[in-house]
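Peer 1: So that you have it, the file is final07.cif, and it contains mmCIF, N, CA and C atoms:
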```cif
data_data
loop_
_atom_site.label_atom_id
_atom_site.label_comp_id
_atom_site.auth_asym_id
_atom_site.auth_seq_id
_atom_site.Cartn_x
_atom_site.Cartn_y
_atom_site.Cartn_z
N LEU A 1 44.72 -24.21 -12.33
CA LEU A 1 44.92 -24.30 -10.90
C LEU A 1 44.45 -23.02 -10.23
N ASN A 2 43.64 -23.17 -9.25
CA ASN A 2 43.20 -22.05 -8.44
C ASN A 2 43.98 -22.07 -7.14
N THR A 3 44.62 -20.97 -6.84
CA THR A 3 45.34 -20.89 -5.58
C THR A 3 44.52 -20.11 -4.57
N PHE A 4 44.65 -20.47 -3.31
CA PHE A 4 43.92 -19.81 -2.25
C PHE A 4 44.83 -18.83 -1.54
N ASP A 5 44.42 -17.58 -1.51
CA ASP A 5 45.19 -16.55 -0.82
C ASP A 5 44.52 -16.27 0.52
N PRO A 6 45.11 -16.71 1.64
CA PRO A 6 44.47 -16.51 2.94
C PRO A 6 44.41 -15.05 3.37
N PHE A 7 45.20 -14.18 2.74
CA PHE A 7 45.22 -12.77 3.12
C PHE A 7 44.33 -11.91 2.22
N ALA A 8 43.68 -12.53 1.25
CA ALA A 8 42.77 -11.78 0.37
C ALA A 8 41.50 -11.44 1.14
N ASP A 9 40.80 -10.42 0.67
CA ASP A 9 39.54 -10.03 1.30
C ASP A 9 38.52 -11.14 1.17
N ASP A 10 37.75 -11.33 2.21
CA ASP A 10 36.69 -12.33 2.21
C ASP A 10 35.54 -11.83 1.35
N ASP A 11 35.05 -12.68 0.45
CA ASP A 11 33.95 -12.26 -0.41
C ASP A 11 32.59 -12.61 0.17
N GLY A 12 32.53 -12.99 1.44
CA GLY A 12 31.26 -13.24 2.09
C GLY A 12 30.80 -14.68 2.06
N GLN A 13 31.61 -15.59 1.54
CA GLN A 13 31.19 -16.98 1.48
C GLN A 13 31.10 -17.61 2.87
N ASN A 14 31.92 -17.18 3.80
CA ASN A 14 31.91 -17.75 5.14
C ASN A 14 31.11 -16.90 6.11
N LYS A 15 30.18 -16.14 5.61
CA LYS A 15 29.41 -15.24 6.46
C LYS A 15 28.53 -16.00 7.44
N GLY A 16 28.10 -17.20 7.10
CA GLY A 16 27.26 -17.99 7.98
C GLY A 16 28.03 -18.64 9.11
N ASP A 17 29.34 -18.48 9.15
CA ASP A 17 30.15 -19.10 10.18
C ASP A 17 30.27 -18.24 11.43
N GLN A 18 29.56 -17.13 11.49
CA GLN A 18 29.65 -16.27 12.66
C GLN A 18 28.70 -16.78 13.75
N ALA A 19 28.93 -16.34 14.97
CA ALA A 19 28.14 -16.80 16.11
C ALA A 19 26.80 -16.08 16.17
N VAL A 20 25.80 -16.78 16.68
CA VAL A 20 24.49 -16.20 16.94
C VAL A 20 24.38 -16.04 18.45
N HIS A 21 24.17 -14.81 18.91
CA HIS A 21 24.11 -14.51 20.34
C HIS A 21 22.66 -14.38 20.76
N ILE A 22 22.30 -15.14 21.79
CA ILE A 22 20.95 -15.09 22.36
C ILE A 22 21.10 -14.54 23.77
N ARG A 23 20.48 -13.38 24.01
CA ARG A 23 20.63 -12.70 25.30
C ARG A 23 19.27 -12.46 25.93
N ILE A 24 19.29 -12.27 27.25
CA ILE A 24 18.08 -11.91 27.97
C ILE A 24 18.32 -10.59 28.66
N GLN A 25 17.31 -9.71 28.62
CA GLN A 25 17.39 -8.41 29.28
C GLN A 25 16.23 -8.29 30.25
N GLN A 26 16.54 -7.79 31.44
CA GLN A 26 15.50 -7.56 32.44
C GLN A 26 14.80 -6.25 32.12
N ARG A 27 13.48 -6.26 32.08
CA ARG A 27 12.73 -5.03 31.87
C ARG A 27 12.34 -4.46 33.21
N ASN A 28 11.13 -4.67 33.65
CA ASN A 28 10.72 -4.19 34.97
C ASN A 28 10.00 -5.31 35.70
N GLY A 29 10.33 -5.49 36.96
CA GLY A 29 9.73 -6.57 37.73
C GLY A 29 10.13 -7.92 37.19
N ARG A 30 9.14 -8.75 36.85
CA ARG A 30 9.41 -10.09 36.33
C ARG A 30 9.52 -10.12 34.81
N LYS A 31 9.31 -9.02 34.15
CA LYS A 31 9.26 -8.98 32.69
C LYS A 31 10.68 -9.05 32.11
N THR A 32 10.84 -9.87 31.07
CA THR A 32 12.14 -10.00 30.41
C THR A 32 11.96 -9.89 28.90
N LEU A 33 13.07 -9.68 28.23
CA LEU A 33 13.12 -9.53 26.79
C LEU A 33 14.27 -10.39 26.28
N THR A 34 14.02 -11.24 25.29
CA THR A 34 15.06 -12.08 24.70
C THR A 34 15.46 -11.49 23.36
N THR A 35 16.77 -11.28 23.15
CA THR A 35 17.25 -10.73 21.87
C THR A 35 18.13 -11.76 21.18
N VAL A 36 18.01 -11.82 19.86
CA VAL A 36 18.79 -12.75 19.04
C VAL A 36 19.53 -11.91 18.01
N GLN A 37 20.86 -12.01 18.04
CA GLN A 37 21.69 -11.21 17.15
C GLN A 37 22.64 -12.14 16.40
N GLY A 38 22.89 -11.83 15.14
CA GLY A 38 23.86 -12.59 14.36
C GLY A 38 23.25 -13.64 13.46
N VAL A 39 21.93 -13.63 13.28
CA VAL A 39 21.31 -14.56 12.33
C VAL A 39 21.79 -14.18 10.93
N PRO A 40 22.29 -15.13 10.15
CA PRO A 40 22.82 -14.79 8.82
C PRO A 40 21.81 -14.05 7.95
N ASP A 41 22.32 -13.15 7.12
CA ASP A 41 21.47 -12.30 6.29
C ASP A 41 20.74 -13.07 5.19
N LYS A 42 21.18 -14.28 4.88
CA LYS A 42 20.52 -15.03 3.82
C LYS A 42 19.14 -15.53 4.24
N PHE A 43 18.82 -15.46 5.54
CA PHE A 43 17.51 -15.87 6.03
C PHE A 43 16.61 -14.65 6.23
N ASP A 44 15.32 -14.82 5.97
CA ASP A 44 14.35 -13.76 6.15
C ASP A 44 13.96 -13.69 7.62
N LYS A 45 14.39 -12.63 8.29
CA LYS A 45 14.17 -12.52 9.73
C LYS A 45 12.70 -12.34 10.08
N LYS A 46 11.94 -11.69 9.22
CA LYS A 46 10.51 -11.52 9.49
C LYS A 46 9.78 -12.86 9.45
N ARG A 47 10.20 -13.74 8.57
CA ARG A 47 9.58 -15.07 8.50
C ARG A 47 9.95 -15.91 9.71
N ILE A 48 11.23 -15.83 10.11
CA ILE A 48 11.67 -16.54 11.32
C ILE A 48 10.86 -16.04 12.51
N LEU A 49 10.70 -14.73 12.60
CA LEU A 49 9.96 -14.12 13.70
C LEU A 49 8.52 -14.62 13.73
N LYS A 50 7.89 -14.67 12.57
CA LYS A 50 6.49 -15.09 12.48
C LYS A 50 6.32 -16.53 12.98
N ILE A 51 7.22 -17.41 12.57
CA ILE A 51 7.12 -18.82 12.98
C ILE A 51 7.41 -18.96 14.48
N CYS A 52 8.42 -18.25 14.96
CA CYS A 52 8.77 -18.33 16.39
C CYS A 52 7.65 -17.80 17.27
N LYS A 53 7.03 -16.71 16.87
CA LYS A 53 5.94 -16.13 17.66
C LYS A 53 4.79 -17.13 17.79
N LYS A 54 4.52 -17.83 16.72
CA LYS A 54 3.43 -18.80 16.76
C LYS A 54 3.82 -20.03 17.59
N ASP A 55 5.04 -20.52 17.43
CA ASP A 55 5.48 -21.72 18.16
C ASP A 55 5.63 -21.46 19.66
N PHE A 56 6.14 -20.28 20.03
CA PHE A 56 6.45 -20.01 21.44
C PHE A 56 5.33 -19.26 22.15
N ALA A 57 4.27 -18.89 21.45
CA ALA A 57 3.14 -18.15 22.02
C ALA A 57 3.62 -16.89 22.73
N CYS A 58 4.40 -16.09 22.02
CA CYS A 58 4.88 -14.82 22.57
C CYS A 58 4.87 -13.78 21.47
N ASN A 59 5.08 -12.54 21.84
CA ASN A 59 5.13 -11.47 20.86
C ASN A 59 6.60 -11.16 20.58
N GLY A 60 6.87 -10.48 19.48
CA GLY A 60 8.23 -10.12 19.14
C GLY A 60 8.26 -9.18 17.95
N ASN A 61 9.47 -8.67 17.67
CA ASN A 61 9.64 -7.79 16.52
C ASN A 61 11.10 -7.79 16.08
N VAL A 62 11.34 -7.19 14.92
CA VAL A 62 12.69 -7.04 14.38
C VAL A 62 13.09 -5.58 14.58
N VAL A 63 14.21 -5.36 15.26
CA VAL A 63 14.69 -4.02 15.57
C VAL A 63 15.98 -3.79 14.79
N GLN A 64 16.10 -2.62 14.20
CA GLN A 64 17.33 -2.24 13.49
C GLN A 64 18.27 -1.59 14.50
N HIS A 65 19.39 -2.23 14.76
CA HIS A 65 20.39 -1.73 15.71
C HIS A 65 21.54 -1.13 14.91
N GLU A 66 22.05 0.02 15.37
CA GLU A 66 23.10 0.71 14.60
C GLU A 66 24.40 -0.08 14.53
N MET A 67 24.69 -0.89 15.55
CA MET A 67 25.95 -1.64 15.56
C MET A 67 25.78 -3.10 15.15
N TYR A 68 24.67 -3.74 15.56
CA TYR A 68 24.48 -5.17 15.32
C TYR A 68 23.59 -5.49 14.14
N GLY A 69 23.05 -4.51 13.48
CA GLY A 69 22.16 -4.76 12.35
C GLY A 69 20.77 -5.13 12.83
N GLU A 70 20.13 -6.08 12.14
CA GLU A 70 18.78 -6.48 12.52
C GLU A 70 18.85 -7.47 13.68
N VAL A 71 18.10 -7.15 14.73
CA VAL A 71 18.07 -7.97 15.94
C VAL A 71 16.63 -8.42 16.18
N LEU A 72 16.45 -9.71 16.46
CA LEU A 72 15.12 -10.22 16.79
C LEU A 72 14.88 -10.05 18.28
N GLN A 73 13.70 -9.57 18.65
CA GLN A 73 13.34 -9.42 20.06
C GLN A 73 12.07 -10.21 20.33
N PHE A 74 12.07 -10.93 21.46
CA PHE A 74 10.91 -11.70 21.89
C PHE A 74 10.57 -11.36 23.33
N GLN A 75 9.28 -11.41 23.66
CA GLN A 75 8.87 -11.19 25.04
C GLN A 75 9.10 -12.46 25.84
N GLY A 76 9.58 -12.29 27.06
CA GLY A 76 9.79 -13.43 27.94
C GLY A 76 11.15 -14.08 27.74
N ASP A 77 11.41 -15.10 28.54
CA ASP A 77 12.67 -15.84 28.47
C ASP A 77 12.52 -16.96 27.45
N GLN A 78 12.96 -16.71 26.24
CA GLN A 78 12.83 -17.67 25.14
C GLN A 78 14.19 -18.21 24.70
N ARG A 79 15.20 -18.11 25.53
CA ARG A 79 16.56 -18.49 25.13
C ARG A 79 16.66 -19.94 24.67
N ASP A 80 16.14 -20.85 25.48
CA ASP A 80 16.24 -22.27 25.12
C ASP A 80 15.38 -22.59 23.90
N ASN A 81 14.20 -21.98 23.83
CA ASN A 81 13.32 -22.21 22.68
C ASN A 81 13.96 -21.75 21.37
N ILE A 82 14.58 -20.57 21.40
CA ILE A 82 15.22 -20.04 20.19
C ILE A 82 16.40 -20.93 19.78
N ALA A 83 17.20 -21.35 20.75
CA ALA A 83 18.35 -22.20 20.44
C ALA A 83 17.89 -23.51 19.80
N GLU A 84 16.86 -24.13 20.35
CA GLU A 84 16.35 -25.37 19.79
C GLU A 84 15.77 -25.15 18.39
N PHE A 85 15.07 -24.03 18.20
CA PHE A 85 14.49 -23.70 16.90
C PHE A 85 15.57 -23.57 15.84
N LEU A 86 16.64 -22.83 16.15
CA LEU A 86 17.71 -22.60 15.19
C LEU A 86 18.42 -23.91 14.83
N LYS A 87 18.59 -24.80 15.81
CA LYS A 87 19.22 -26.10 15.55
C LYS A 87 18.29 -27.03 14.78
N LYS A 88 17.02 -27.02 15.16
CA LYS A 88 16.03 -27.93 14.56
C LYS A 88 15.88 -27.70 13.06
N TYR A 89 15.82 -26.44 12.65
CA TYR A 89 15.64 -26.12 11.24
C TYR A 89 16.96 -25.93 10.49
N GLY A 90 18.07 -26.13 11.16
CA GLY A 90 19.37 -26.07 10.49
C GLY A 90 19.78 -24.68 10.05
N LEU A 91 19.29 -23.65 10.74
CA LEU A 91 19.66 -22.29 10.36
C LEU A 91 21.12 -21.99 10.73
N VAL A 92 21.55 -22.51 11.87
CA VAL A 92 22.95 -22.37 12.30
C VAL A 92 23.38 -23.69 12.95
N LYS A 93 24.68 -23.90 13.04
CA LYS A 93 25.20 -25.09 13.70
C LYS A 93 25.13 -24.90 15.21
N ALA A 94 25.11 -26.00 15.93
CA ALA A 94 24.98 -25.95 17.40
C ALA A 94 26.15 -25.23 18.05
N ASP A 95 27.34 -25.35 17.47
CA ASP A 95 28.51 -24.71 18.09
C ASP A 95 28.57 -23.21 17.80
N GLN A 96 27.69 -22.70 16.95
CA GLN A 96 27.66 -21.27 16.66
C GLN A 96 26.73 -20.50 17.61
N ILE A 97 25.93 -21.20 18.39
CA ILE A 97 24.95 -20.55 19.25
C ILE A 97 25.59 -20.25 20.60
N LYS A 98 25.52 -18.99 21.01
CA LYS A 98 26.03 -18.57 22.31
C LYS A 98 24.86 -18.00 23.10
N ILE A 99 24.57 -18.62 24.26
CA ILE A 99 23.46 -18.17 25.11
C ILE A 99 24.05 -17.39 26.29
N HIS A 100 23.58 -16.18 26.49
CA HIS A 100 24.08 -15.29 27.55
C HIS A 100 22.97 -15.03 28.56
N GLY A 101 23.38 -14.66 29.77
CA GLY A 101 22.43 -14.21 30.78
C GLY A 101 22.24 -15.19 31.91
N PHE A 102 21.90 -14.64 33.05
CA PHE A 102 21.65 -15.34 34.31
C PHE A 102 22.63 -16.47 34.48
#
```
Can you dump the structure from the file as C-alpha cells?
Peer 2:
Amino acid sequence: LNTFDPFADDDGQNKGDQAVHIRIQQRNGRKTLTTVQGVPDKFDKKRILKICKKDFACNGNVVQHEMYGEVLQFQGDQRDNIAEFLKKYGLVKADQIKIHGF
C-alpha cells in the first residue's frame, strides 16, 4: 500500500499544472511586445519560438529573467495567436492560460 502524504514536498510531478501568463507591453508609439511566461520546462522553448515565429510572421527571442526564468518574447500583439497555439498543440490546458493587458 502506498499512502499519499499531502504535506510532503512536491517532487515536480505536477509542475505542468501551473498557469501560463501571456502579457503585452507597450514599447514606443504603436510598437508592442508580447511575453509568455510559465511554459513548462519539459518543452524546448527555442523550438516553440521557432515554430511560432514562422506561423505568426513575427520576430522573437528567449530571455532569461531573474525571477520568472525563461520568458518568450514576440514582436507585436500575439496574445490570441500564442493562446491558440498552446491549446492547439496541447502544450497546456485551456484553463491554465491567463491573458493580460488592455
Peer 1: In Å to one decimal, how far is atom N of Glu84 of chain A from atom C of Val36 of chain A?
Peer 2: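 We find that atom C of Val36 of chain A and atom N of Glu84 of chain A lie 12.7 Å from each other.
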Peer 1: What residues come out when you apply the PyMOL selection byres (((chain A and resi 39-56 and name CA) around 12) and name CA) to this file, written as a JSON list (two decimals) with N, CA and C atoms, in the frame of the given file?
Peer 2:
```json
[["chain", "number", "residue", "atom", "x", "y", "z"],
["A", 12, "GLY", "N", 32.53, -12.99, 1.44],
["A", 12, "GLY", "CA", 31.26, -13.24, 2.09],
["A", 12, "GLY", "C", 30.80, -14.68, 2.06],
["A", 13, "GLN", "N", 31.61, -15.59, 1.54],
["A", 13, "GLN", "CA", 31.19, -16.98, 1.48],
["A", 13, "GLN", "C", 31.10, -17.61, 2.87],
["A", 14, "ASN", "N", 31.92, -17.18, 3.80],
["A", 14, "ASN", "CA", 31.91, -17.75, 5.14],
["A", 14, "ASN", "C", 31.11, -16.90, 6.11],
["A", 15, "LYS", "N", 30.18, -16.14, 5.61],
["A", 15, "LYS", "CA", 29.41, -15.24, 6.46],
["A", 15, "LYS", "C", 28.53, -16.00, 7.44],
["A", 16, "GLY", "N", 28.10, -17.20, 7.10],
["A", 16, "GLY", "CA", 27.26, -17.99, 7.98],
["A", 16, "GLY", "C", 28.03, -18.64, 9.11],
["A", 17, "ASP", "N", 29.34, -18.48, 9.15],
["A", 17, "ASP", "CA", 30.15, -19.10, 10.18],
["A", 17, "ASP", "C", 30.27, -18.24, 11.43],
["A", 18, "GLN", "N", 29.56, -17.13, 11.49],
["A", 18, "GLN", "CA", 29.65, -16.27, 12.66],
["A", 18, "GLN", "C", 28.70, -16.78, 13.75],
["A", 19, "ALA", "N", 28.93, -16.34, 14.97],
["A", 19, "ALA", "CA", 28.14, -16.80, 16.11],
["A", 19, "ALA", "C", 26.80, -16.08, 16.17],
["A", 20, "VAL", "N", 25.80, -16.78, 16.68],
["A", 20, "VAL", "CA", 24.49, -16.20, 16.94],
["A", 20, "VAL", "C", 24.38, -16.04, 18.45],
["A", 21, "HIS", "N", 24.17, -14.81, 18.91],
["A", 21, "HIS", "CA", 24.11, -14.51, 20.34],
["A", 21, "HIS", "C", 22.66, -14.38, 20.76],
["A", 22, "ILE", "N", 22.30, -15.14, 21.79],
["A", 22, "ILE", "CA", 20.95, -15.09, 22.36],
["A", 22, "ILE", "C", 21.10, -14.54, 23.77],
["A", 35, "THR", "N", 16.77, -11.28, 23.15],
["A", 35, "THR", "CA", 17.25, -10.73, 21.87],
["A", 35, "THR", "C", 18.13, -11.76, 21.18],
["A", 36, "VAL", "N", 18.01, -11.82, 19.86],
["A", 36, "VAL", "CA", 18.79, -12.75, 19.04],
["A", 36, "VAL", "C", 19.53, -11.91, 18.01],
["A", 37, "GLN", "N", 20.86, -12.01, 18.04],
["A", 37, "GLN", "CA", 21.69, -11.21, 17.15],
["A", 37, "GLN", "C", 22.64, -12.14, 16.40],
["A", 38, "GLY", "N", 22.89, -11.83, 15.14],
["A", 38, "GLY", "CA", 23.86, -12.59, 14.36],
["A", 38, "GLY", "C", 23.25, -13.64, 13.46],
["A", 57, "ALA", "N", 4.27, -18.89, 21.45],
["A", 57, "ALA", "CA", 3.14, -18.15, 22.02],
["A", 57, "ALA", "C", 3.62, -16.89, 22.73],
["A", 58, "CYS", "N", 4.40, -16.09, 22.02],
["A", 58, "CYS", "CA", 4.88, -14.82, 22.57],
["A", 58, "CYS", "C", 4.87, -13.78, 21.47],
["A", 59, "ASN", "N", 5.08, -12.54, 21.84],
["A", 59, "ASN", "CA", 5.13, -11.47, 20.86],
["A", 59, "ASN", "C", 6.60, -11.16, 20.58],
["A", 60, "GLY", "N", 6.87, -10.48, 19.48],
["A", 60, "GLY", "CA", 8.23, -10.12, 19.14],
["A", 60, "GLY", "C", 8.26, -9.18, 17.95],
["A", 61, "ASN", "N", 9.47, -8.67, 17.67],
["A", 61, "ASN", "CA", 9.64, -7.79, 16.52],
["A", 61, "ASN", "C", 11.10, -7.79, 16.08],
["A", 62, "VAL", "N", 11.34, -7.19, 14.92],
["A", 62, "VAL", "CA", 12.69, -7.04, 14.38],
["A", 62, "VAL", "C", 13.09, -5.58, 14.58],
["A", 63, "VAL", "N", 14.21, -5.36, 15.26],
["A", 63, "VAL", "CA", 14.69, -4.02, 15.57],
["A", 63, "VAL", "C", 15.98, -3.79, 14.79],
["A", 64, "GLN", "N", 16.10, -2.62, 14.20],
["A", 64, "GLN", "CA", 17.33, -2.24, 13.49],
["A", 64, "GLN", "C", 18.27, -1.59, 14.50],
["A", 68, "TYR", "N", 24.67, -3.74, 15.56],
["A", 68, "TYR", "CA", 24.48, -5.17, 15.32],
["A", 68, "TYR", "C", 23.59, -5.49, 14.14],
["A", 69, "GLY", "N", 23.05, -4.51, 13.48],
["A", 69, "GLY", "CA", 22.16, -4.76, 12.35],
["A", 69, "GLY", "C", 20.77, -5.13, 12.83],
["A", 70, "GLU", "N", 20.13, -6.08, 12.14],
["A", 70, "GLU", "CA", 18.78, -6.48, 12.52],
["A", 70, "GLU", "C", 18.85, -7.47, 13.68],
["A", 71, "VAL", "N", 18.10, -7.15, 14.73],
["A", 71, "VAL", "CA", 18.07, -7.97, 15.94],
["A", 71, "VAL", "C", 16.63, -8.42, 16.18],
["A", 72, "LEU", "N", 16.45, -9.71, 16.46],
["A", 72, "LEU", "CA", 15.12, -10.22, 16.79],
["A", 72, "LEU", "C", 14.88, -10.05, 18.28],
["A", 73, "GLN", "N", 13.70, -9.57, 18.65],
["A", 73, "GLN", "CA", 13.34, -9.42, 20.06],
["A", 73, "GLN", "C", 12.07, -10.21, 20.33],
["A", 74, "PHE", "N", 12.07, -10.93, 21.46],
["A", 74, "PHE", "CA", 10.91, -11.70, 21.89],
["A", 74, "PHE", "C", 10.57, -11.36, 23.33],
["A", 75, "GLN", "N", 9.28, -11.41, 23.66],
["A", 75, "GLN", "CA", 8.87, -11.19, 25.04],
["A", 75, "GLN", "C", 9.10, -12.46, 25.84],
["A", 76, "GLY", "N", 9.58, -12.29, 27.06],
["A", 76, "GLY", "CA", 9.79, -13.43, 27.94],
["A", 76, "GLY", "C", 11.15, -14.08, 27.74],
["A", 77, "ASP", "N", 11.41, -15.10, 28.54],
["A", 77, "ASP", "CA", 12.67, -15.84, 28.47],
["A", 77, "ASP", "C", 12.52, -16.96, 27.45],
["A", 78, "GLN", "N", 12.96, -16.71, 26.24],
["A", 78, "GLN", "CA", 12.83, -17.67, 25.14],
["A", 78, "GLN", "C", 14.19, -18.21, 24.70],
["A", 79, "ARG", "N", 15.20, -18.11, 25.53],
["A", 79, "ARG", "CA", 16.56, -18.49, 25.13],
["A", 79, "ARG", "C", 16.66, -19.94, 24.67],
["A", 80, "ASP", "N", 16.14, -20.85, 25.48],
["A", 80, "ASP", "CA", 16.24, -22.27, 25.12],
["A", 80, "ASP", "C", 15.38, -22.59, 23.90],
["A", 81, "ASN", "N", 14.20, -21.98, 23.83],
["A", 81, "ASN", "CA", 13.32, -22.21, 22.68],
["A", 81, "ASN", "C", 13.96, -21.75, 21.37],
["A", 82, "ILE", "N", 14.58, -20.57, 21.40],
["A", 82, "ILE", "CA", 15.22, -20.04, 20.19],
["A", 82, "ILE", "C", 16.40, -20.93, 19.78],
["A", 83, "ALA", "N", 17.20, -21.35, 20.75],
["A", 83, "ALA", "CA", 18.35, -22.20, 20.44],
["A", 83, "ALA", "C", 17.89, -23.51, 19.80],
["A", 84, "GLU", "N", 16.86, -24.13, 20.35],
["A", 84, "GLU", "CA", 16.35, -25.37, 19.79],
["A", 84, "GLU", "C", 15.77, -25.15, 18.39],
["A", 85, "PHE", "N", 15.07, -24.03, 18.20],
["A", 85, "PHE", "CA", 14.49, -23.70, 16.90],
["A", 85, "PHE", "C", 15.57, -23.57, 15.84],
["A", 86, "LEU", "N", 16.64, -22.83, 16.15],
["A", 86, "LEU", "CA", 17.71, -22.60, 15.19],
["A", 86, "LEU", "C", 18.42, -23.91, 14.83],
["A", 89, "TYR", "N", 15.82, -26.44, 12.65],
["A", 89, "TYR", "CA", 15.64, -26.12, 11.24],
["A", 89, "TYR", "C", 16.96, -25.93, 10.49],
["A", 90, "GLY", "N", 18.07, -26.13, 11.16],
["A", 90, "GLY", "CA", 19.37, -26.07, 10.49],
["A", 90, "GLY", "C", 19.78, -24.68, 10.05],
["A", 91, "LEU", "N", 19.29, -23.65, 10.74],
["A", 91, "LEU", "CA", 19.66, -22.29, 10.36],
["A", 91, "LEU", "C", 21.12, -21.99, 10.73],
["A", 92, "VAL", "N", 21.55, -22.51, 11.87],
["A", 92, "VAL", "CA", 22.95, -22.37, 12.30],
["A", 92, "VAL", "C", 23.38, -23.69, 12.95],
["A", 93, "LYS", "N", 24.68, -23.90, 13.04],
["A", 93, "LYS", "CA", 25.20, -25.09, 13.70],
["A", 93, "LYS", "C", 25.13, -24.90, 15.21],
["A", 96, "GLN", "N", 27.69, -22.70, 16.95],
["A", 96, "GLN", "CA", 27.66, -21.27, 16.66],
["A", 96, "GLN", "C", 26.73, -20.50, 17.61],
["A", 97, "ILE", "N", 25.93, -21.20, 18.39],
["A", 97, "ILE", "CA", 24.95, -20.55, 19.25],
["A", 97, "ILE", "C", 25.59, -20.25, 20.60],
["A", 98, "LYS", "N", 25.52, -18.99, 21.01],
["A", 98, "LYS", "CA", 26.03, -18.57, 22.31],
["A", 98, "LYS", "C", 24.86, -18.00, 23.10]]
```
Peer 1: Apply DSSP to the structure's backbone, then extract all residues of segment 10-61 of chain A labelled alpha helix (DSSP H) and return them as number ranges by chain.
Peer 2: A: 45-56
Peer 1: Grab the residues selected above and save them as a PDB file, in the coordinates of the input with N, CA and C atoms.
Peer 2:
```
ATOM      1  N   LYS A  45      14.390 -12.630   8.290  1.00  0.00           N
ATOM      2  CA  LYS A  45      14.170 -12.520   9.730  1.00  0.00           C
ATOM      3  C   LYS A  45      12.700 -12.340  10.080  1.00  0.00           C
ATOM      4  N   LYS A  46      11.940 -11.690   9.220  1.00  0.00           N
ATOM      5  CA  LYS A  46      10.510 -11.520   9.490  1.00  0.00           C
ATOM      6  C   LYS A  46       9.780 -12.860   9.450  1.00  0.00           C
ATOM      7  N   ARG A  47      10.200 -13.740   8.570  1.00  0.00           N
ATOM      8  CA  ARG A  47       9.580 -15.070   8.500  1.00  0.00           C
ATOM      9  C   ARG A  47       9.950 -15.910   9.710  1.00  0.00           C
ATOM     10  N   ILE A  48      11.230 -15.830  10.110  1.00  0.00           N
ATOM     11  CA  ILE A  48      11.670 -16.540  11.320  1.00  0.00           C
ATOM     12  C   ILE A  48      10.860 -16.040  12.510  1.00  0.00           C
ATOM     13  N   LEU A  49      10.700 -14.730  12.600  1.00  0.00           N
ATOM     14  CA  LEU A  49       9.960 -14.120  13.700  1.00  0.00           C
ATOM     15  C   LEU A  49       8.520 -14.620  13.730  1.00  0.00           C
ATOM     16  N   LYS A  50       7.890 -14.670  12.570  1.00  0.00           N
ATOM     17  CA  LYS A  50       6.490 -15.090  12.480  1.00  0.00           C
ATOM     18  C   LYS A  50       6.320 -16.530  12.980  1.00  0.00           C
ATOM     19  N   ILE A  51       7.220 -17.410  12.570  1.00  0.00           N
ATOM     20  CA  ILE A  51       7.120 -18.820  12.980  1.00  0.00           C
ATOM     21  C   ILE A  51       7.410 -18.960  14.480  1.00  0.00           C
ATOM     22  N   CYS A  52       8.420 -18.250  14.960  1.00  0.00           N
ATOM     23  CA  CYS A  52       8.770 -18.330  16.390  1.00  0.00           C
ATOM     24  C   CYS A  52       7.650 -17.800  17.270  1.00  0.00           C
ATOM     25  N   LYS A  53       7.030 -16.710  16.870  1.00  0.00           N
ATOM     26  CA  LYS A  53       5.940 -16.130  17.660  1.00  0.00           C
ATOM     27  C   LYS A  53       4.790 -17.130  17.790  1.00  0.00           C
ATOM     28  N   LYS A  54       4.520 -17.830  16.720  1.00  0.00           N
ATOM     29  CA  LYS A  54       3.430 -18.800  16.760  1.00  0.00           C
ATOM     30  C   LYS A  54       3.820 -20.030  17.590  1.00  0.00           C
ATOM     31  N   ASP A  55       5.040 -20.520  17.430  1.00  0.00           N
ATOM     32  CA  ASP A  55       5.480 -21.720  18.160  1.00  0.00           C
ATOM     33  C   ASP A  55       5.630 -21.460  19.660  1.00  0.00           C
ATOM     34  N   PHE A  56       6.140 -20.280  20.030  1.00  0.00           N
ATOM     35  CA  PHE A  56       6.450 -20.010  21.440  1.00  0.00           C
ATOM     36  C   PHE A  56       5.330 -19.260  22.150  1.00  0.00           C
TER      37      PHE A  56
END
```
Peer 1: Go through the shown structure with the PyMOL selection byres ((chain A and resi 24-29) around 7) and write out the matching residues as a compact mmCIF listing (two decimals) with N, CA and C atoms, in the coordinates of the input.
Peer 2:
```
# COMPACT_ATOMS: atom_id res chain seq x y z
N ILE A 22 22.30 -15.14 21.79
CA ILE A 22 20.95 -15.09 22.36
C ILE A 22 21.10 -14.54 23.77
N ARG A 23 20.48 -13.38 24.01
CA ARG A 23 20.63 -12.70 25.30
C ARG A 23 19.27 -12.46 25.93
N ARG A 30 9.14 -8.75 36.85
CA ARG A 30 9.41 -10.09 36.33
C ARG A 30 9.52 -10.12 34.81
N LYS A 31 9.31 -9.02 34.15
CA LYS A 31 9.26 -8.98 32.69
C LYS A 31 10.68 -9.05 32.11
N THR A 32 10.84 -9.87 31.07
CA THR A 32 12.14 -10.00 30.41
C THR A 32 11.96 -9.89 28.90
N LEU A 33 13.07 -9.68 28.23
CA LEU A 33 13.12 -9.53 26.79
C LEU A 33 14.27 -10.39 26.28
N THR A 34 14.02 -11.24 25.29
CA THR A 34 15.06 -12.08 24.70
C THR A 34 15.46 -11.49 23.36
N THR A 35 16.77 -11.28 23.15
CA THR A 35 17.25 -10.73 21.87
C THR A 35 18.13 -11.76 21.18
N ASP A 77 11.41 -15.10 28.54
CA ASP A 77 12.67 -15.84 28.47
C ASP A 77 12.52 -16.96 27.45
N HIS A 100 23.58 -16.18 26.49
CA HIS A 100 24.08 -15.29 27.55
C HIS A 100 22.97 -15.03 28.56
N GLY A 101 23.38 -14.66 29.77
CA GLY A 101 22.43 -14.21 30.78
C GLY A 101 22.24 -15.19 31.91
N PHE A 102 21.90 -14.64 33.05
CA PHE A 102 21.65 -15.34 34.31
C PHE A 102 22.63 -16.47 34.48
```
